[in-house]
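A short worksheet on the structure shown next.
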Amino acid sequence: MAALGRVALLLSFVLVTYALAAGSFAAYTRRRRLALSAQNALLAAFGTTLVAAAVLLAALARRDFSFVYVASHTSRSLPLGYTLSAFWGGQEGSLLLWLLILSGYSALAVWLNRRSRELIAWVVPVLGGVAAFFAFMLCFVSSPFDKAVAPADGAGMVASLQNPYMLAHPPMLYLGYVGLTIPFAFAMGALLSERTDERWIVATRRWTLAAWTFLGVGQLLGAHWAYVEIGWGGYYAWDPVENAALMPWLAATAFLHSVMIQEKRGMLKVWNMVLVALAFNLSIFGTFLTRSGVVNSIHSFSQSPLGGWFLGFIAVCVVFSVGLIYRRLPLLRARTKLESLVSREATFLYNNLLLVALALTILWGVMYPLLTQAVNGETRSVSKPYYNFFLHSFGLPLLLLMGIGPLVAWRRASLHALGKTFVIPAVAALVTGAALIGVGLGGSTPGLLAYTFSVFVLASIVLEFARGTRATGSLRRLVARNRRRYGGYVVHASVLLLAIGIAGSSAYQTIRERGLKPGQSMEVAGYTLTYRSLQNAQHSNSQSTSATVDVYRGGSHVSTLHPGKSFYPVEQDFGNDVSIYHDPHNLGDVFTIADQFDKNGTLFLKVLVKPLVNLVWAAGFVFVLGSLVALWPDAVEQRRLAARYEPDAVAART
Amino acid sequence: MTLALALGSVLAVLAVVFVARPFLREPTPASDRLDEQGAVERLRLELLEERDRALAALKELEFDHRTGKVTDDDYREQVGPLRRRAAETLRALEPPAGGARPEQVGSGR
């Protein structure tokens, strides 16, 4: 069936190349049927890519080792779930996932916006162009359908990928990365068709929000995977591949805020185009970092020949988008100006500058080793203090702005009004800061500031909901009145939880390590851990050795943990099996790592007590809730927009 | 292998037919011209966006005033110009007496 997969991919390549070439020609020469034909090519490409994906999935499920890809990433002893997740575990499969999601998104976006023919005529070739690159890579550079004589067993899967989080984390990230192509294509389509009204924004508002949500959730799942799998007790290490997902998310966050200014005031049209292009190009750059193996990362599971192709494609995308924005500058001039530096739109602008500055400093940190390697021939990398410095410099003011923004009126705000709205959040924040210093938690300045600002933000959000509910009569009516705004506030609350969780688990964590013989105990931050015994176990794909460790708090037994190590014989690889006690009293974790076992039965146990760390994961649920509120369709607004952009269709329906 | 190639061929034929569908459905259309936004349509859209912005700004000002973010003095100062702007765009969108709506004139459709 590999031949069917190859034919299907080749058809996808021909179809998307047709969508690019015929679509451009049709849009340029105003040929209606040819434009529709190019649209159909994009829809058909989804069908052919789906067939290719089904062929690979079937080969994985059957463990057909005559497929080089299946033999390289799975084995007979690998459980079925992980075997299927090998679809995105390797380079060729993940490229196919990219193309599958892109062609699916493209088909849906084109179908949903089929009535906006003038705009969609130019969107189709842009989507076709991006898809053509990935289809070309899959057909001619990195095919998942290469065949060889089937070995008796496959090479297996990297041990750290054999984790349930790997079933969801990469697809989520890809849904986010690829989703950013849709707003990019509509933005470029608007510029190409010279339709620089807000149609493209209306068409892509939910796409951007959905892509941004997927990217956010994907990163949190990845952070949790690192936390429970890698075995170092952290969840974010400024690894280049982690940064690769963070950068487009930051750019998209900036866009989601600044686009509101364009909608409300007709300003920042150029800036919004720049942000959409930046988010898209960073998503391609992120894929390049993940798949090329060009940087040292715990996530780079392969070295590959893709680097040059990706760099070339990124260069084309950057030149195309920057050149097009530059050519259309006269169409993007705003007629209105910022009325005051103390207004809601001004706070959005400050937030944008900080978000973009943070994204660019991270980009510099990621690119620095590549540049030094290219220029000097030696790799120099920036380390954690570099990133932490900029996170504190830009992240803490961003946190504060999240509280200031909702309190400031649109257009302009007087000092008298500000005084009234700021007093409660400011007092709450100052009291919290003083209390923290009073109880001896003022040792970490970033931690203290993060908590103080968080209380300010929390108070401003609560006030915003309370005042709004009073004004409208009910919370439901308030949220229905502006779902994006109030969904956004819920997302802000999730960022708040994240900030409190990160500050608590990093600034106030305790780490201890020591060798224990059976029966011996160690004390860590109010917990007593007693090592009892050691056990061996055989699993379908691994052999594990784990310790039994009893955890006590205040003399009471609260949990029994089993930190250990696993050996994967097929892969000849070791994995850390960390064991964690989630303490409901302080929302923190007692995180145990079995560093080493001695022949005489001594366990070298590393224990991390991480206060409030579970707020980081709770933030994920609140984040999804807020995103869903913001994404929920608003029938009244949809009718208004339909009347604006499709008056003929509305008239025909009524 | 043969089955795979046969399935591949069927897939290819289906794709070609689907791509050619607009030409098969309309072999000789009355017009093959893609819709184009005329100057009047462009202006109408601009005015509609401006109208929606002005009305939304009025609504926001009203809400900010009710929730205490805008004082009485600031409200009185800002509401007049916003109302004027909204009225101007609404007037500009009204069809002239006995005339056609902007989008019905030279919209290129």
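Naming scheme: A, B, ... for chains in displayed order of the structure tokens; residues 1 onward per chain; ligands 1 onward as shown.
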
Can you list, as a ChimeraX atom specification, all residues belonging to region 23-236 of chain A that DSSP tags as helix (DSSP H, G or I)? /A:23-29,32-61,68-73,80-85,91-112,117-141,159-161,164-167,169-179,181-192,199-230

Same residues, C-alpha atoms, output as a compact mmCIF listing (two decimals), in the first residue's frame:
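The file below, selection_25.txt, is the result:
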```
# COMPACT_ATOMS: atom_id res chain seq x y z
CA GLY A 23 -5.40 30.36 -8.48
CA SER A 24 -2.90 33.22 -8.95
CA PHE A 25 -3.61 33.40 -12.69
CA ALA A 26 -7.38 33.33 -12.11
CA ALA A 27 -7.26 36.02 -9.43
CA TYR A 28 -4.99 38.21 -11.57
CA THR A 29 -7.02 37.84 -14.80
CA ARG A 32 -14.32 33.04 -12.16
CA ARG A 33 -14.42 29.39 -13.20
CA LEU A 34 -10.66 29.00 -12.99
CA ALA A 35 -10.72 30.52 -9.48
CA LEU A 36 -13.43 28.03 -8.46
CA SER A 37 -11.39 25.23 -9.98
CA ALA A 38 -8.35 26.29 -7.91
CA GLN A 39 -10.57 26.27 -4.80
CA ASN A 40 -11.72 22.75 -5.65
CA ALA A 41 -8.09 21.69 -6.05
CA LEU A 42 -7.45 22.82 -2.48
CA LEU A 43 -10.51 20.87 -1.26
CA ALA A 44 -9.43 17.78 -3.22
CA ALA A 45 -5.91 18.02 -1.77
CA PHE A 46 -7.41 17.45 1.67
CA GLY A 47 -8.98 14.22 0.39
CA THR A 48 -5.77 12.90 -1.18
CA THR A 49 -3.68 13.85 1.88
CA LEU A 50 -6.23 12.08 4.07
CA VAL A 51 -5.71 8.93 1.98
CA ALA A 52 -1.92 9.21 2.40
CA ALA A 53 -2.35 9.67 6.17
CA ALA A 54 -4.67 6.64 6.33
CA VAL A 55 -2.07 4.52 4.52
CA LEU A 56 0.64 5.48 7.03
CA LEU A 57 -1.69 4.96 10.00
CA ALA A 58 -2.67 1.51 8.68
CA ALA A 59 1.00 0.58 8.23
CA LEU A 60 1.70 1.63 11.82
CA ALA A 61 -1.30 -0.27 13.17
CA VAL A 68 11.23 2.23 6.60
CA TYR A 69 9.36 4.82 8.70
CA VAL A 70 7.45 2.18 10.69
CA ALA A 71 10.60 0.09 11.23
CA SER A 72 12.54 3.17 12.40
CA HIS A 73 10.04 4.40 14.98
CA LEU A 80 -0.58 0.26 20.18
CA GLY A 81 -1.23 3.83 21.40
CA TYR A 82 2.45 4.76 21.19
CA THR A 83 2.76 2.88 17.90
CA LEU A 84 0.05 5.08 16.40
CA SER A 85 1.61 8.19 17.96
CA GLN A 91 10.24 13.71 10.76
CA GLU A 92 8.39 12.34 7.71
CA GLY A 93 5.22 11.60 9.68
CA SER A 94 5.17 15.00 11.33
CA LEU A 95 5.55 16.68 7.92
CA LEU A 96 2.58 14.62 6.75
CA LEU A 97 0.62 15.74 9.82
CA TRP A 98 1.48 19.37 8.93
CA LEU A 99 0.16 18.89 5.39
CA LEU A 100 -2.93 17.02 6.59
CA ILE A 101 -3.89 19.73 9.07
CA LEU A 102 -3.06 22.51 6.59
CA SER A 103 -5.11 20.98 3.78
CA GLY A 104 -8.00 20.33 6.22
CA TYR A 105 -7.90 23.88 7.60
CA SER A 106 -7.58 25.31 4.07
CA ALA A 107 -10.57 23.34 2.79
CA LEU A 108 -12.69 24.45 5.75
CA ALA A 109 -11.61 28.12 5.57
CA VAL A 110 -12.21 28.29 1.81
CA TRP A 111 -15.62 26.61 2.12
CA LEU A 112 -16.75 28.84 5.00
CA ARG A 117 -15.07 35.48 -3.87
CA GLU A 118 -12.83 38.45 -4.46
CA LEU A 119 -10.86 37.90 -1.27
CA ILE A 120 -10.86 34.11 -1.38
CA ALA A 121 -9.56 34.14 -4.97
CA TRP A 122 -6.25 35.45 -3.61
CA VAL A 123 -6.33 33.44 -0.38
CA VAL A 124 -6.37 30.15 -2.33
CA PRO A 125 -2.96 30.63 -4.03
CA VAL A 126 -1.34 31.69 -0.75
CA LEU A 127 -2.64 28.55 1.00
CA GLY A 128 -1.65 26.53 -2.06
CA GLY A 129 1.87 27.96 -1.94
CA VAL A 130 2.42 26.98 1.70
CA ALA A 131 0.92 23.52 1.13
CA ALA A 132 3.03 23.06 -2.04
CA PHE A 133 6.22 23.43 0.02
CA PHE A 134 5.21 20.71 2.48
CA ALA A 135 3.87 18.43 -0.27
CA PHE A 136 7.15 18.88 -2.18
CA MET A 137 9.16 17.93 0.91
CA LEU A 138 7.05 14.81 1.42
CA CYS A 139 7.24 13.74 -2.24
CA PHE A 140 10.86 14.48 -3.05
CA VAL A 141 12.92 15.05 0.14
CA ALA A 159 12.05 6.18 25.66
CA SER A 160 11.03 9.73 26.57
CA LEU A 161 8.37 9.68 23.84
CA PRO A 164 0.71 9.47 27.33
CA TYR A 165 1.33 13.20 26.87
CA MET A 166 2.96 12.43 23.53
CA LEU A 167 -0.44 11.30 22.26
CA HIS A 169 1.10 17.35 22.87
CA PRO A 170 2.54 17.26 19.31
CA PRO A 171 -0.86 17.27 17.51
CA MET A 172 -1.99 20.20 19.66
CA LEU A 173 1.15 22.14 18.82
CA TYR A 174 0.76 21.38 15.13
CA LEU A 175 -2.92 22.42 15.20
CA GLY A 176 -1.62 25.73 16.56
CA TYR A 177 1.40 26.17 14.28
CA VAL A 178 -0.55 25.29 11.15
CA GLY A 179 -3.60 27.30 12.22
CA THR A 181 -1.33 29.91 8.24
CA ILE A 182 -5.03 30.79 7.82
CA PRO A 183 -4.88 34.39 9.16
CA PHE A 184 -1.61 34.83 7.24
CA ALA A 185 -3.22 33.67 3.99
CA PHE A 186 -6.26 35.93 4.49
CA ALA A 187 -4.06 38.90 5.38
CA MET A 188 -1.90 38.38 2.30
CA GLY A 189 -5.05 37.72 0.23
CA ALA A 190 -6.48 41.05 1.43
CA LEU A 191 -3.29 42.85 0.41
CA LEU A 192 -3.10 41.10 -2.97
CA ARG A 199 -13.28 41.44 5.94
CA TRP A 200 -10.10 39.44 6.38
CA ILE A 201 -10.09 40.12 10.11
CA VAL A 202 -13.70 39.06 10.50
CA ALA A 203 -12.99 35.89 8.49
CA THR A 204 -9.96 34.90 10.55
CA ARG A 205 -10.83 36.11 14.05
CA ARG A 206 -11.82 32.65 15.28
CA TRP A 207 -9.06 30.90 13.34
CA THR A 208 -6.45 33.00 15.09
CA LEU A 209 -8.05 32.46 18.47
CA ALA A 210 -8.34 28.70 17.91
CA ALA A 211 -4.74 28.38 16.66
CA TRP A 212 -3.53 30.44 19.61
CA THR A 213 -5.53 28.24 22.03
CA PHE A 214 -4.12 25.04 20.53
CA LEU A 215 -0.60 26.45 20.70
CA GLY A 216 -1.10 27.46 24.33
CA VAL A 217 -2.59 24.12 25.35
CA GLY A 218 0.11 22.28 23.37
CA GLN A 219 2.82 24.15 25.26
CA LEU A 220 1.26 23.40 28.63
CA LEU A 221 0.94 19.71 27.72
CA GLY A 222 4.59 19.78 26.63
CA ALA A 223 5.56 21.43 29.90
CA HIS A 224 3.73 18.72 31.85
CA TRP A 225 5.40 16.03 29.71
CA ALA A 226 8.81 17.50 30.54
CA TYR A 227 7.83 17.67 34.22
CA VAL A 228 6.80 14.03 34.56
CA GLU A 229 9.08 12.45 31.95
CA ILE A 230 12.45 14.14 31.69
```

Sorted by chain and rising residue number, which residues of chain B lie within 8 Å of chain A, and what are their closest atom pairs and distances in Å to one decimal, counting only C-alpha atoms, as a tab-separated table?
```
residue	atom	partner	partner_atom	distance
B:Met1	CA	A:Ala3	CA	6.6
B:Ala4	CA	A:Leu4	CA	4.8
B:Leu5	CA	A:Leu4	CA	6.1
B:Leu7	CA	A:Leu4	CA	6.9
B:Gly8	CA	A:Leu4	CA	5.5
B:Leu11	CA	A:Thr48	CA	7.3
B:Ala12	CA	A:Leu11	CA	6.8
B:Ala15	CA	A:Ala44	CA	5.9
B:Phe18	CA	A:Asn40	CA	6.5
B:Val19	CA	A:Ser37	CA	5.0
B:Ala20	CA	A:Ser37	CA	6.1
B:Arg21	CA	A:Ser37	CA	7.0
B:Pro22	CA	A:Arg33	CA	5.5
B:Phe23	CA	A:Arg33	CA	6.3
B:Asp32	CA	A:Arg32	CA	5.1
B:Arg33	CA	A:Arg31	CA	5.3
B:Leu34	CA	A:Arg32	CA	4.4
B:Asp35	CA	A:Glu118	CA	6.0
B:Glu36	CA	A:Glu118	CA	6.3
B:Gln37	CA	A:Glu118	CA	7.7
B:Leu45	CA	A:Arg644	CA	7.0
B:Glu46	CA	A:Asp197	CA	7.2
B:Leu48	CA	A:Arg644	CA	6.6
B:Glu49	CA	A:Glu198	CA	7.9
B:Arg53	CA	A:Lys264	CA	5.5
B:Ala56	CA	A:Lys264	CA	7.3
B:Ala57	CA	A:Lys264	CA	7.2
B:Glu60	CA	A:Trp410	CA	7.5
B:Leu61	CA	A:Trp410	CA	7.5
B:Phe63	CA	A:Ala471	CA	7.6
B:Asp64	CA	A:Ala409	CA	6.3
B:Arg66	CA	A:Ala471	CA	6.2
B:Thr67	CA	A:Arg467	CA	5.4
B:Gly68	CA	A:Thr421	CA	7.1
B:Lys69	CA	A:Ala417	CA	5.7
B:Val70	CA	A:Ala417	CA	5.8
B:Thr71	CA	A:Ala417	CA	5.8
B:Asp74	CA	A:Ser414	CA	7.4
```

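Residue neighbourhood of region 83-95 of chain B, excluding near-sequence residues (fewer than 6 positions): Arg44, Leu47, Leu48, Glu50, Arg51, Ala54, Leu55, Leu58, Arg101 and Pro102 of chain B, at 8 Å, using only C-alpha atoms.
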
Distance query Ala619 (chain A) at most 6 Å, only C-alpha atoms, self and fewer than 6 positions along chain excluded, as a PDB file with C-alpha atoms, in the first residue's frame:
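Output contents, as saved in out26.pdb:
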```
ATOM      1  CA  SER A 494      -5.271  31.792  33.782  1.00  0.00           C
ATOM      2  CA  LEU A 497      -2.508  31.386  37.974  1.00  0.00           C
ATOM      3  CA  LEU A 498       0.446  30.567  35.730  1.00  0.00           C
TER       4      LEU A 498
END
```

Residues within 10 Å of Ile284 (chain A), only C-alpha atoms, excluding chain neighbours under 2 positions, as a PyMOL selection string: chain A and resi 130+177-178+180-181+244+248+278-282+286-290+310-311+313-314+317

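Separating CA of Glu345 (chain A) from CA of Ser258 (chain A) is a distance of 8.3 Å.
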
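Interatomic distance, CA of Phe591 (chain A) against CA of Leu516 (chain A): 16.4 Å.
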
Expressed in Å to a single decimal, how great is the separation between CA of Ala254 (chain A) and CA of Lys59 (chain B)? 24.9 Å

For Leu496 (chain A), please output as a ChimeraX atom specification all residues within 12 Å (counting only C-alpha atoms; exclusion window: fewer than 2 positions along the same chain). /A:395-396,398-403,450-461,489-494,498-503,615-616,618-620,622-623
